[in-house]
file data_32.cif (mmCIF, C-alpha atoms and all ligand atoms)
data_coords
#
loop_
_atom_site.label_atom_id
_atom_site.label_comp_id
_atom_site.auth_asym_id
_atom_site.auth_seq_id
_atom_site.Cartn_x
_atom_site.Cartn_y
_atom_site.Cartn_z
CA MET Z 14 -13.96 -119.48 321.88
CA ARG Z 15 -11.87 -121.54 319.45
CA ARG Z 16 -10.81 -118.69 317.13
CA PRO Z 17 -9.87 -115.50 319.03
CA ILE Z 18 -9.72 -113.55 315.73
CA PHE Z 19 -13.51 -113.70 315.61
CA ALA Z 20 -14.00 -112.42 319.19
CA THR Z 21 -15.81 -109.11 319.68
CA PRO Z 22 -15.54 -106.87 322.78
CA ARG Z 23 -18.02 -107.37 325.64
CA ALA Z 24 -19.73 -104.02 325.01
CA ARG Z 25 -20.44 -104.97 321.39
CA ALA Z 26 -21.80 -108.39 322.41
CA LEU Z 27 -24.08 -106.73 324.99
CA ASP Z 28 -25.20 -104.23 322.37
CA LEU Z 29 -26.15 -107.07 320.01
CA LEU Z 30 -28.20 -108.73 322.78
CA ALA Z 31 -29.86 -105.38 323.57
CA ARG Z 32 -30.71 -104.61 319.92
CA ALA Z 33 -31.96 -108.08 318.98
CA HIS Z 34 -35.69 -108.26 318.34
CA HIS Z 35 -35.71 -111.40 320.49
CA VAL Z 36 -33.14 -113.76 321.98
CA HIS Z 37 -33.14 -117.54 322.39
CA LEU Z 38 -32.86 -118.96 325.89
CA ALA Z 39 -31.87 -122.62 326.41
CA SER Z 40 -31.80 -124.49 329.71
CA THR Z 41 -32.97 -127.72 331.32
CA ARG Z 42 -35.84 -128.59 333.63
CA PRO Z 43 -35.07 -130.27 336.98
CA ASP Z 44 -35.81 -133.66 335.31
CA GLY Z 45 -33.09 -132.91 332.75
CA ALA Z 46 -35.45 -132.26 329.81
CA PRO Z 47 -34.15 -129.50 327.54
CA VAL Z 48 -36.01 -126.19 327.24
CA LEU Z 49 -35.61 -123.69 324.40
CA ARG Z 50 -37.59 -120.46 324.28
CA ALA Z 51 -37.58 -117.21 322.33
CA VAL Z 52 -37.94 -114.22 324.68
CA HIS Z 53 -37.86 -110.45 324.37
CA GLY Z 54 -34.72 -109.56 326.33
CA VAL Z 55 -33.78 -106.34 328.10
CA VAL Z 56 -30.16 -105.78 329.14
CA ILE Z 57 -29.84 -104.14 332.58
CA GLY Z 58 -26.32 -104.26 334.02
CA ASP Z 59 -25.27 -107.93 334.04
CA LEU Z 60 -28.85 -109.18 333.62
CA VAL Z 61 -30.70 -110.08 330.45
CA ALA Z 62 -34.26 -109.87 331.71
CA PHE Z 63 -37.47 -111.21 330.18
CA HIS Z 64 -41.10 -111.43 331.20
CA ALA Z 65 -43.54 -114.34 331.28
CA ALA Z 66 -46.83 -115.50 332.74
CA PRO Z 67 -46.34 -116.65 336.36
CA VAL Z 68 -46.91 -120.31 335.33
CA GLY Z 69 -45.21 -122.56 332.83
CA GLU Z 70 -41.88 -123.69 331.53
CA LYS Z 71 -39.90 -120.54 332.23
CA LEU Z 72 -40.47 -121.00 335.97
CA ASP Z 73 -39.06 -124.55 335.77
CA ILE Z 74 -35.63 -123.17 334.85
CA LEU Z 75 -35.30 -120.83 337.86
CA GLY Z 76 -31.94 -121.31 339.55
CA ARG Z 77 -30.67 -123.43 336.68
CA ALA Z 78 -27.76 -122.93 334.29
CA ALA Z 79 -28.84 -121.45 330.96
CA VAL Z 80 -27.45 -120.02 327.78
CA LEU Z 81 -28.90 -117.16 325.81
CA GLN Z 82 -28.07 -116.20 322.23
CA ALA Z 83 -28.65 -113.44 319.68
CA ALA Z 84 -27.37 -113.36 316.12
CA ARG Z 85 -27.62 -111.22 313.02
CA VAL Z 86 -26.78 -112.24 309.47
CA VAL Z 87 -24.38 -109.80 307.80
CA ALA Z 88 -24.30 -111.37 304.32
CA GLN Z 89 -24.69 -114.65 302.51
CA ILE Z 90 -21.52 -115.26 300.48
CA PRO Z 91 -22.02 -117.64 297.54
CA SER Z 92 -19.13 -119.94 296.60
CA HIS Z 93 -18.79 -118.39 293.12
CA PHE Z 94 -17.68 -115.08 294.68
CA LEU Z 95 -14.36 -116.87 295.34
CA ASP Z 96 -14.29 -120.01 293.18
CA PRO Z 97 -16.07 -120.69 289.87
CA GLU Z 98 -16.33 -124.46 290.48
CA ARG Z 99 -15.93 -125.59 294.07
CA ALA Z 100 -18.90 -125.12 296.41
CA CYS Z 101 -16.61 -125.02 299.46
CA PRO Z 102 -16.20 -121.22 299.89
CA ALA Z 103 -19.98 -120.71 300.37
CA THR Z 104 -20.50 -119.17 303.78
CA THR Z 105 -22.60 -116.88 305.93
CA LEU Z 106 -21.04 -113.82 307.51
CA TYR Z 107 -22.67 -113.10 310.85
CA GLU Z 108 -22.34 -111.64 314.30
CA SER Z 109 -23.49 -113.41 317.44
CA ALA Z 110 -23.46 -113.08 321.21
CA GLN Z 111 -23.83 -115.92 323.68
CA ALA Z 112 -24.31 -115.38 327.41
CA HIS Z 113 -23.96 -118.14 329.99
CA GLY Z 114 -25.29 -117.87 333.53
CA VAL Z 115 -28.06 -118.79 335.92
CA VAL Z 116 -31.74 -117.90 335.63
CA VAL Z 117 -32.98 -115.80 338.56
CA GLU Z 118 -36.30 -114.20 339.42
CA VAL Z 119 -36.53 -110.41 339.44
CA SER Z 120 -38.92 -109.54 342.23
CA GLU Z 121 -38.15 -105.92 343.22
CA PRO Z 122 -41.11 -103.89 341.81
CA GLU Z 123 -38.74 -101.05 340.70
CA VAL Z 124 -36.52 -103.42 338.71
CA LYS Z 125 -39.57 -105.18 337.23
CA ALA Z 126 -40.92 -101.78 336.17
CA ALA Z 127 -37.54 -100.89 334.63
CA VAL Z 128 -37.50 -104.19 332.67
CA LEU Z 129 -41.01 -103.64 331.32
CA SER Z 130 -40.21 -100.00 330.46
CA GLY Z 131 -37.15 -101.25 328.55
CA LEU Z 132 -39.32 -103.72 326.63
CA MET Z 133 -41.82 -101.01 325.70
CA GLU Z 134 -39.08 -98.57 324.60
CA ARG Z 135 -37.58 -101.30 322.41
CA HIS Z 136 -40.79 -102.62 320.85
CA GLN Z 137 -43.11 -99.59 320.98
CA PRO Z 138 -40.70 -96.67 320.53
CA GLU Z 139 -43.48 -94.32 319.47
CA GLY Z 140 -44.83 -94.26 323.07
CA GLY Z 141 -48.61 -93.98 323.48
CA TYR Z 142 -48.75 -95.33 327.05
CA ALA Z 143 -48.33 -93.99 330.58
CA PRO Z 144 -44.82 -94.44 332.03
CA ILE Z 145 -44.44 -97.78 333.81
CA GLU Z 146 -43.65 -97.01 337.43
CA ALA Z 147 -43.73 -99.41 340.37
CA THR Z 148 -45.92 -97.05 342.40
CA SER Z 149 -48.38 -96.25 339.62
CA GLY Z 150 -51.96 -97.36 340.28
CA LEU Z 151 -52.24 -98.21 336.59
CA TYR Z 152 -49.57 -100.91 336.75
CA LYS Z 153 -49.26 -102.09 340.37
CA LYS Z 154 -51.51 -105.13 339.87
CA ALA Z 155 -50.06 -106.09 336.50
CA LEU Z 156 -46.52 -105.85 337.87
CA ALA Z 157 -47.39 -108.06 340.83
CA GLY Z 158 -49.02 -110.68 338.58
CA LEU Z 159 -46.25 -110.90 336.00
CA PHE Z 160 -43.18 -113.08 336.28
CA VAL Z 161 -39.93 -111.32 335.39
CA GLY Z 162 -36.88 -113.52 335.11
CA ALA Z 163 -33.34 -112.84 334.04
CA LEU Z 164 -30.18 -114.60 333.05
CA ARG Z 165 -27.45 -113.33 335.36
CA ILE Z 166 -24.49 -113.24 333.00
CA GLU Z 167 -21.44 -115.17 334.23
CA SER Z 168 -19.62 -115.26 330.88
CA LEU Z 169 -20.27 -113.58 327.58
CA ASP Z 170 -18.85 -114.52 324.17
CA GLY Z 171 -19.18 -112.14 321.27
CA LYS Z 172 -18.31 -113.37 317.81
CA ALA Z 173 -18.21 -111.67 314.40
CA LYS Z 174 -17.38 -113.92 311.47
CA LEU Z 175 -16.33 -111.37 308.90
CA MET Z 176 -13.61 -113.10 306.87
CA GLN Z 177 -10.84 -112.38 309.40
CA HIS Z 178 -9.37 -115.85 308.68
CA ARG Z 179 -9.24 -115.36 304.90
CA SER Z 180 -6.53 -113.65 302.86
CA GLU Z 181 -6.67 -109.94 302.11
CA SER Z 182 -7.08 -110.75 298.39
CA ASP Z 183 -10.11 -112.98 299.14
CA ARG Z 184 -11.64 -110.17 301.19
CA LEU Z 185 -11.00 -107.74 298.36
CA ARG Z 186 -12.79 -110.03 295.89
CA VAL Z 187 -15.74 -110.43 298.22
CA LEU Z 188 -15.99 -106.65 298.73
CA GLU Z 189 -16.04 -106.15 294.96
CA ARG Z 190 -18.63 -108.89 294.43
CA LEU Z 191 -20.84 -107.50 297.20
CA TRP Z 192 -20.74 -104.08 295.53
CA GLU Z 193 -21.62 -105.65 292.17
CA ARG Z 194 -24.44 -107.75 293.66
CA GLY Z 195 -25.84 -104.78 295.59
CA ALA Z 196 -28.56 -106.72 297.44
CA ASP Z 197 -30.18 -105.28 300.58
CA GLY Z 198 -27.56 -105.17 303.32
CA ASP Z 199 -24.56 -105.70 301.00
CA GLN Z 200 -23.30 -102.12 301.39
CA GLU Z 201 -23.48 -102.45 305.17
CA ALA Z 202 -21.68 -105.83 304.88
CA ILE Z 203 -18.84 -104.10 303.00
CA GLU Z 204 -18.45 -101.64 305.88
CA ASP Z 205 -18.64 -104.46 308.46
CA ILE Z 206 -15.94 -106.53 306.72
CA ARG Z 207 -13.71 -103.45 306.42
CA ALA Z 208 -14.15 -102.56 310.09
CA ALA Z 209 -13.32 -106.14 311.19
CA ASN Z 210 -10.11 -106.17 309.13
CA PRO Z 211 -8.58 -102.76 309.84
CA GLY Z 212 -5.11 -103.72 308.55
CA ASP Z 213 -6.36 -104.13 304.96
CA ARG Z 214 -5.76 -101.47 302.34
CA PRO Z 215 -9.04 -100.01 301.12
CA PRO Z 216 -10.13 -101.62 297.82
CA PRO Z 217 -9.69 -99.40 294.73
CA LEU Z 218 -13.43 -98.69 294.80
CA LEU Z 219 -13.01 -96.97 298.18
CA ARG Z 220 -9.72 -95.13 297.72
CA GLY Z 221 -10.47 -91.42 297.73
CA PRO Z 222 -8.17 -88.51 296.92
CA ALA Z 223 -6.17 -86.52 299.52
CA GLY Z 224 -5.74 -89.54 301.82
CA THR Z 225 -9.48 -90.07 302.22
CA THR Z 226 -11.29 -93.40 302.31
CA LEU Z 227 -14.76 -93.63 300.85
CA ALA Z 228 -17.66 -95.29 302.68
CA VAL Z 229 -20.51 -96.98 300.81
CA ALA Z 230 -22.90 -97.09 303.76
CA LEU Z 231 -22.80 -94.44 306.45
CA ARG Z 232 -24.49 -95.41 309.73
CA PRO Z 233 -26.73 -93.80 312.35
CA ALA Z 234 -23.47 -93.18 314.28
CA ASP Z 235 -22.43 -90.84 311.42
CA ALA Z 236 -25.68 -88.84 311.51
CA GLU Z 237 -24.40 -86.20 313.92
CA ALA Z 238 -21.15 -85.57 312.02
CA SER Z 239 -23.08 -85.46 308.76
CA ALA Z 240 -25.69 -83.05 310.16
CA THR Z 241 -22.83 -80.80 311.35
CA LEU Z 242 -21.35 -80.82 307.83
CA VAL Z 243 -24.57 -80.03 305.96
CA GLY Z 244 -26.51 -78.22 308.70
CA SER Z 245 -25.48 -74.71 307.70
CA ALA Z 246 -25.75 -75.24 303.92
CA TYR Z 247 -28.12 -72.78 302.25
CA TRP Z 248 -30.52 -75.55 301.16
CA ASN Z 249 -30.99 -76.72 304.74
CA GLU Z 250 -32.17 -73.35 306.01
CA GLY Z 251 -35.37 -73.86 307.97
CA PHE Z 252 -34.72 -77.53 308.80
CA CYS Z 253 -33.74 -78.50 312.34
CA ALA Z 254 -30.84 -80.94 312.90
CA GLU Z 255 -33.22 -83.75 313.87
CA ARG Z 256 -35.17 -83.47 310.58
CA ILE Z 257 -31.91 -83.38 308.59
CA ALA Z 258 -30.74 -86.54 310.38
CA ARG Z 259 -34.07 -88.28 309.67
CA ALA Z 260 -33.86 -87.29 305.98
CA THR Z 261 -30.39 -88.80 305.86
CA SER Z 262 -31.34 -92.10 307.46
CA GLY Z 263 -34.45 -92.27 305.27
CA SER Z 264 -32.40 -92.09 302.07
CA SER Z 265 -31.98 -94.96 299.62
CA ALA Z 266 -28.21 -94.43 299.52
CA TRP Z 267 -25.90 -92.51 301.85
CA VAL Z 268 -22.19 -92.42 301.14
CA GLY Z 269 -19.25 -90.36 302.35
CA ALA Z 270 -15.53 -89.98 302.84
CA ARG Z 271 -13.37 -90.15 305.97
CA ASP Z 272 -9.96 -88.59 306.52
CA GLU Z 273 -6.92 -90.47 307.83
CA ALA Z 274 -8.14 -90.04 311.42
CA GLY Z 275 -11.50 -91.61 310.50
CA GLU Z 276 -13.44 -88.34 310.73
CA LEU Z 277 -16.31 -87.85 308.30
CA VAL Z 278 -15.23 -85.15 305.81
CA ALA Z 279 -17.77 -85.58 303.01
CA THR Z 280 -21.34 -86.79 302.69
CA ALA Z 281 -23.82 -87.32 299.85
CA ARG Z 282 -27.15 -89.07 299.70
CA ALA Z 283 -29.82 -90.04 297.20
CA VAL Z 284 -33.47 -90.97 297.16
CA SER Z 285 -34.11 -93.40 294.32
CA ASP Z 286 -36.80 -95.67 292.88
CA GLY Z 287 -33.99 -97.77 291.43
CA ALA Z 288 -35.43 -97.80 287.90
CA LYS Z 289 -36.64 -94.43 286.63
CA HIS Z 290 -35.59 -91.56 288.87
CA ALA Z 291 -33.04 -90.80 291.58
CA TRP Z 292 -32.56 -87.46 293.33
CA ILE Z 293 -29.26 -86.43 294.88
CA TYR Z 294 -29.24 -84.25 298.00
CA ASP Z 295 -26.90 -82.91 300.68
CA VAL Z 296 -23.57 -83.19 298.83
CA LEU Z 297 -20.92 -81.50 300.94
CA VAL Z 298 -17.16 -81.65 301.42
CA GLU Z 299 -15.51 -80.14 304.50
CA PRO Z 300 -14.04 -76.76 303.44
CA ARG Z 301 -10.39 -77.69 304.19
CA LEU Z 302 -10.56 -80.57 301.68
CA ARG Z 303 -12.39 -78.83 298.84
CA GLY Z 304 -10.81 -78.70 295.39
CA ALA Z 305 -8.93 -81.99 295.87
CA GLY Z 306 -11.37 -84.25 294.02
CA VAL Z 307 -13.19 -85.57 297.12
CA GLY Z 308 -16.56 -84.18 295.97
CA GLU Z 309 -16.22 -85.81 292.56
CA ALA Z 310 -15.20 -89.17 294.12
CA VAL Z 311 -18.17 -89.15 296.49
CA VAL Z 312 -20.70 -88.25 293.78
CA ARG Z 313 -19.26 -90.92 291.43
CA LEU Z 314 -19.61 -93.47 294.24
CA LEU Z 315 -23.21 -92.38 294.82
CA LEU Z 316 -23.99 -92.68 291.08
CA ALA Z 317 -22.53 -96.23 291.09
CA HIS Z 318 -24.42 -97.20 294.27
CA PRO Z 319 -26.67 -100.26 293.75
CA ARG Z 320 -29.80 -98.25 294.65
CA VAL Z 321 -28.92 -95.44 292.23
CA ARG Z 322 -27.12 -97.04 289.29
CA GLY Z 323 -30.31 -98.46 287.77
CA ALA Z 324 -32.14 -95.09 287.66
CA ALA Z 325 -32.56 -93.73 284.13
CA PHE Z 326 -32.63 -90.09 285.31
CA VAL Z 327 -30.60 -88.64 288.17
CA HIS Z 328 -31.68 -85.18 289.30
CA LEU Z 329 -30.36 -82.54 291.68
CA GLY Z 330 -30.77 -78.86 292.40
CA THR Z 331 -27.85 -76.49 292.92
CA ARG Z 332 -27.47 -72.72 293.26
CA ASP Z 333 -23.87 -72.40 292.06
CA ALA Z 334 -22.10 -75.77 291.64
CA GLN Z 335 -23.31 -76.36 288.05
CA ALA Z 336 -19.72 -76.55 286.73
CA PHE Z 337 -18.92 -79.29 289.27
CA TYR Z 338 -21.88 -81.41 288.17
CA GLU Z 339 -21.41 -80.72 284.44
CA ARG Z 340 -18.06 -82.50 284.71
CA LEU Z 341 -19.97 -85.54 285.91
CA GLY Z 342 -22.37 -85.46 282.94
CA PHE Z 343 -25.27 -83.47 284.42
CA VAL Z 344 -26.95 -80.85 282.23
CA ASP Z 345 -29.41 -78.10 283.04
CA ARG Z 346 -32.88 -79.65 283.09
CA ALA Z 347 -34.13 -77.02 280.61
CA ARG Z 348 -31.75 -78.54 278.05
CA VAL Z 349 -32.85 -82.16 278.60
CA VAL Z 350 -34.76 -83.14 275.45
CA ARG Z 351 -38.10 -84.73 276.35
CA PRO Z 352 -41.11 -85.37 274.07
CA TYR Z 353 -43.07 -82.83 276.14
CA THR Z 354 -42.35 -79.74 278.21
CA SER Z 355 -43.00 -79.54 281.94
CA THR Z 356 -42.27 -77.36 284.93
CA THR Z 357 -41.20 -78.48 288.39
CA MET Z 358 -44.01 -78.04 290.95
CA THR Z 359 -43.65 -78.13 294.74
CA LEU Z 360 -46.10 -78.49 297.61
CA THR Z 361 -44.67 -76.82 300.73
CA ARG Z 362 -45.78 -78.19 304.10
CA SER Z 363 -45.01 -75.02 305.99
CA GLU Z 364 -45.62 -76.69 309.35
CA LEU Z 365 -42.53 -78.89 308.71
CA VAL Z 366 -40.06 -76.25 307.58
CA THR Z 367 -39.40 -72.63 308.55
CA VAL Z 368 -39.53 -70.69 305.30
CA ALA Z 369 -38.31 -67.10 305.59
C1 LIG G 1 -19.48 -78.62 295.52
C2 LIG G 1 -18.53 -79.46 296.36
C3 LIG G 1 -19.31 -80.65 296.91
C4 LIG G 1 -17.40 -79.94 295.48
O1 LIG G 1 -16.53 -80.73 296.23
P1 LIG G 1 -14.93 -80.66 295.98
O2 LIG G 1 -14.32 -81.79 296.72
O3 LIG G 1 -14.46 -79.30 296.25
O4 LIG G 1 -14.93 -80.93 294.42
P2 LIG G 1 -13.77 -81.52 293.52
O5 LIG G 1 -12.45 -81.21 294.14
O6 LIG G 1 -14.08 -82.91 293.18
O7 LIG G 1 -13.97 -80.66 292.22
C5 LIG G 1 -13.62 -79.33 292.24
C6 LIG G 1 -14.18 -78.69 291.01
O8 LIG G 1 -15.60 -78.52 291.17
C7 LIG G 1 -15.97 -77.25 290.70
N1 LIG G 1 -16.73 -76.60 291.77
C8 LIG G 1 -16.74 -76.90 293.06
N2 LIG G 1 -17.60 -76.10 293.72
C9 LIG G 1 -18.12 -75.28 292.82
C10 LIG G 1 -19.04 -74.26 292.88
N3 LIG G 1 -19.64 -73.90 294.02
N4 LIG G 1 -19.35 -73.64 291.75
C11 LIG G 1 -18.79 -73.98 290.59
N5 LIG G 1 -17.88 -74.95 290.48
C12 LIG G 1 -17.57 -75.61 291.58
C13 LIG G 1 -14.77 -76.45 290.38
O9 LIG G 1 -14.84 -76.32 288.97
C14 LIG G 1 -13.60 -77.30 290.76
O10 LIG G 1 -12.79 -77.40 289.64
P3 LIG G 1 -11.28 -76.90 289.70
O11 LIG G 1 -10.59 -77.91 290.56
O12 LIG G 1 -10.87 -76.95 288.27
O13 LIG G 1 -11.32 -75.55 290.29
C15 LIG G 1 -17.88 -78.66 297.52
O14 LIG G 1 -17.25 -77.52 296.98
C16 LIG G 1 -18.83 -78.21 298.58
O15 LIG G 1 -19.04 -78.91 299.56
N6 LIG G 1 -19.47 -77.03 298.40
C17 LIG G 1 -20.43 -76.54 299.33
C18 LIG G 1 -21.69 -77.32 299.21
C19 LIG G 1 -22.26 -77.36 297.82
O16 LIG G 1 -22.33 -76.38 297.11
N7 LIG G 1 -22.72 -78.57 297.45
C20 LIG G 1 -23.33 -78.85 296.17
C21 LIG G 1 -24.68 -78.33 296.13
S1 LIG G 1 -25.80 -79.51 295.46
#
call {"tool": "encode", "arguments": {"input": "data_32.cif", "output": "structure tokens"}}
result
Amino acid sequence: MRRPIFATPRARALDLLARAHHVHLASTRPDGAPVLRAVHGVVIGDLVAFHAAPVGEKLDILGRAAVLQAARVVAQIPSHFLDPERACPATTLYESAQAHGVVVEVSEPEVKAAVLSGLMERHQPEGGYAPIEATSGLYKKALAGLFVGALRIESLDGKAKLMQHRSESDRLRVLERLWERGADGDQEAIEDIRAANPGDRPPPLLRGPAGTTLAVALRPADAEASATLVGSAYWNEGFCAERIARATSGSSAWVGARDEAGELVATARAVSDGAKHAWIYDVLVEPRLRGAGVGEAVVRLLLAHPRVRGAAFVHLGTRDAQAFYERLGFVDRARVVRPYTSTTMTLTRSELVTVA
């Protein structure tokens, strides 16, 4: 790779190949003609395996050198983020993985079954089929009739182009513009750029009190730490950890704060229609950091979040933190002047929550 600053570790490159919906495989036929195919890939050890009908182009590339690629776009950066006149700074931030090797046939029935199981888990995660086992009468014939090939990886290049070659002040401007633009994926792009440039100071937007750094887009990897923080809160009584984690990942906005060691110490989320109403849930600061302004910083960030900032009404329920929210402009719903009066009504699906 020409620019080592863009290189990502092998495990991350493999993870990108494994998570890609499909990968592109390029090789040549024995007569030298180029072949390019999109395949569903499954990573097993140093193999990226794929399936095909036992006739056709994919068989022509057996034993031949090939290259396989997956990529994901992180964000499209328009030139005007960095320069009001010149088009030159326009760029795409992305992550890619490229594996070089030789195409081999996978013929052991157990490995073929493992490849097809991997494909089903990836593309039909809800299940609804009998497990694919080499000895199963249901699949024996299908397994025998199907071609399973694989690229045996000889070298693997992972690349993440996330502004590592630009100045810290350019990155800061781009982070601010991404937050302003607030398109789908822009919050995640902010986190990706920050993670790829760990020496940068957090931008003012993300500087929290008491040495904390705010995060505009928490990830599935944060779900466990977040569920631990909010799991024992009174409003989560009756919900299991898995349902709390699903509620979190199903939110329109999920922000938080990390301490100096990178541990999640605060979390807050919102469900929003982006125009009329947003509802804030699961606001919690780790007890040792309470009273230092972290809660206020996290809620302000959530209110400014692109999915929430356009909502005319922002609602929440609280048993005892009214004073905390009043400082942020919230008032008791009974005092909100509307041209009509209404009560809040709730349908409880008691099969989904244990209500004492
Ligand atoms: C509420 C909570 C998120 C506030 O976070 P924090 O980081 O401690 O808040 P800040 O430091 O920004 O603000 C502290 C101020 O909030 C107010 N406050 C915090 N918790 C309060 C509570 N339970 N009742 C009344 N006021 C409260 C206090 O007035 C305090 O002001 P002070 O510094 O003058 O004493 C945090 O205390 C917490 O996690 N509590 C448990 C979970 C909870 O109740 N969440 C909100 C329910 S929706």
call {"tool": "closest_residue", "arguments": {"input": "data_32.cif", "among": "Z:Val298, Z:Ala26, Z:Ala274, Z:Ala83", "to": "ligand LIG 1 (chain G)", "atoms": "all atoms listed in the file"}}
result
Z:Val298
call {"tool": "residues_around", "arguments": {"input": "data_32.cif", "residues": "stretch 105-120 of chain Z", "least_positions_apart": "6", "cutoff": "9 Å", "atoms": "all atoms listed in the file", "output": "PyMOL selection string"}}
result
chain Z and resi 21+25-27+29-30+40+61-62+72+74-91+157+160-176+202+206
call {"tool": "closest_atom_pairs", "arguments": {"input": "data_32.cif", "of": "chain Z", "to": "ligand LIG 1 (chain G)", "cutoff": "7 Å", "atoms": "all atoms listed in the file", "output": "Markdown table"}}
result
| residue | atom | partner | partner_atom | distance |
| --- | --- | --- | --- | --- |
| Z:Ala246 | CA | G:LIG1 | C18 | 6.6 |
| Z:Tyr294 | CA | G:LIG1 | S1 | 6.4 |
| Z:Asp295 | CA | G:LIG1 | S1 | 6.3 |
| Z:Val296 | CA | G:LIG1 | N7 | 4.9 |
| Z:Leu297 | CA | G:LIG1 | O15 | 3.5 |
| Z:Val298 | CA | G:LIG1 | O15 | 3.8 |
| Z:Glu299 | CA | G:LIG1 | O15 | 6.2 |
| Z:Pro300 | CA | G:LIG1 | O15 | 6.7 |
| Z:Leu302 | CA | G:LIG1 | O2 | 6.3 |
| Z:Arg303 | CA | G:LIG1 | O3 | 3.3 |
| Z:Gly304 | CA | G:LIG1 | O5 | 3.2 |
| Z:Ala305 | CA | G:LIG1 | O5 | 4.0 |
| Z:Gly306 | CA | G:LIG1 | O6 | 3.1 |
| Z:Val307 | CA | G:LIG1 | O2 | 4.0 |
| Z:Gly308 | CA | G:LIG1 | O2 | 3.4 |
| Z:Glu309 | CA | G:LIG1 | O6 | 3.7 |
| Z:Ala310 | CA | G:LIG1 | O6 | 6.4 |
| Z:Leu329 | CA | G:LIG1 | S1 | 6.7 |
| Z:Gly330 | CA | G:LIG1 | S1 | 5.9 |
| Z:Thr331 | CA | G:LIG1 | S1 | 4.4 |
| Z:Arg332 | CA | G:LIG1 | C21 | 6.9 |
| Z:Asp333 | CA | G:LIG1 | N4 | 4.7 |
| Z:Ala334 | CA | G:LIG1 | N4 | 3.5 |
| Z:Gln335 | CA | G:LIG1 | C11 | 5.7 |
| Z:Ala336 | CA | G:LIG1 | N5 | 4.5 |
| Z:Phe337 | CA | G:LIG1 | C7 | 3.9 |
call {"tool": "residues_around", "arguments": {"input": "data_32.cif", "residues": "Z:Gly275", "least_positions_apart": "3", "cutoff": "9 Å", "atoms": "only C-alpha atoms", "output": "VMD selection string"}}
result
chain Z and resid 225 to 226 270 to 272 278
call {"tool": "axis_aligned_box", "arguments": {"input": "data_32.cif", "around": "stretch 201-211 of chain Z", "padding_each_side": "5 Å", "output": "lines of an AutoDock Vina configuration file"}}
result
center_x = -16.0
center_y = -104.1
center_z = 307.1
size_x = 24.9
size_y = 14.9
size_z = 18.2
call {"tool": "residues_around", "arguments": {"input": "data_32.cif", "residues": "stretch 95-98 of chain Z", "least_positions_apart": "5", "cutoff": "8 Å", "atoms": "only C-alpha atoms", "output": "number ranges by chain"}}
result
Z: 183, 186-187
call {"tool": "closest_residue", "arguments": {"input": "data_32.cif", "among": "Z:Val368, Z:His34, Z:Asp197, Z:Gly69", "to": "Z:Glu250", "atoms": "all atoms listed in the file"}}
result
Z:Val368
call {"tool": "atom_distance", "arguments": {"input": "data_32.cif", "atom1": "atom CA of Z:Ala33", "atom2": "atom CA of Z:Ala283"}}
result
28.4 Å
call {"tool": "closest_residue", "arguments": {"input": "data_32.cif", "among": "Z:Ala230, Z:Leu60, Z:Leu185, Z:Val312", "to": "Z:Arg214", "atoms": "all atoms listed in the file"}}
result
Z:Leu185
call {"tool": "residues_around", "arguments": {"input": "data_32.cif", "residues": "Z:Leu49", "least_positions_apart": "6", "cutoff": "8 Å", "atoms": "all atoms listed in the file", "output": "PDB file with C-alpha atoms, in the coordinates of the input"}}
result
ATOM      1  CA  HIS Z  37     -33.140-117.540 322.390  1.00  0.00           C
ATOM      2  CA  LEU Z  38     -32.860-118.960 325.890  1.00  0.00           C
ATOM      3  CA  ALA Z  39     -31.870-122.620 326.410  1.00  0.00           C
ATOM      4  CA  SER Z  40     -31.800-124.490 329.710  1.00  0.00           C
TER       5      SER Z  40
END
call {"tool": "atom_distance", "arguments": {"input": "data_32.cif", "atom1": "atom CA of Z:Leu231", "atom2": "atom CA of Z:Ile203"}}
result
11.0 Å
call {"tool": "residues_near_point", "arguments": {"input": "data_32.cif", "point": "(-43.8, -102.2, 342.7)", "cutoff": "9 Å", "atoms": "all atoms listed in the file", "output": "list in words"}}
result
Ser120, Glu121, Pro122, Glu123, Val124, Lys125, Ala126, Glu146, Ala147, Thr148, Ser149, Tyr152, Lys153, Lys154, Leu156 and Ala157 of chain Z
call {"tool": "atom_distance", "arguments": {"input": "data_32.cif", "atom1": "atom CA of Z:Ser264", "atom2": "atom CA of Z:Ser285"}}
result
8.0 Å
call {"tool": "residues_near_point", "arguments": {"input": "data_32.cif", "point": "(-9.1, -107.8, 302.2)", "cutoff": "8 Å", "atoms": "only C-alpha atoms", "output": "PyMOL selection string"}}
result
chain Z and resi 180-186+188+207+210+213-216
call {"tool": "residues_around", "arguments": {"input": "data_32.cif", "residues": "Z:Val366", "least_positions_apart": "3", "cutoff": "9 Å", "atoms": "all atoms listed in the file", "output": "list in words"}}
result
Glu250, Gly251, Phe252, Cys253, Thr361, Arg362 and Ser363 of chain Z
call {"tool": "closest_residue", "arguments": {"input": "data_32.cif", "among": "Z:Ala347, Z:Ala279, Z:Ile257, Z:Ala291", "to": "Z:Ala325", "atoms": "only C-alpha atoms"}}
result
Z:Ala291
call {"tool": "closest_residue", "arguments": {"input": "data_32.cif", "among": "Z:Ile57, Z:Leu191, Z:Leu151, Z:Ala324", "to": "Z:Ala127", "atoms": "all atoms listed in the file"}}
result
Z:Ile57
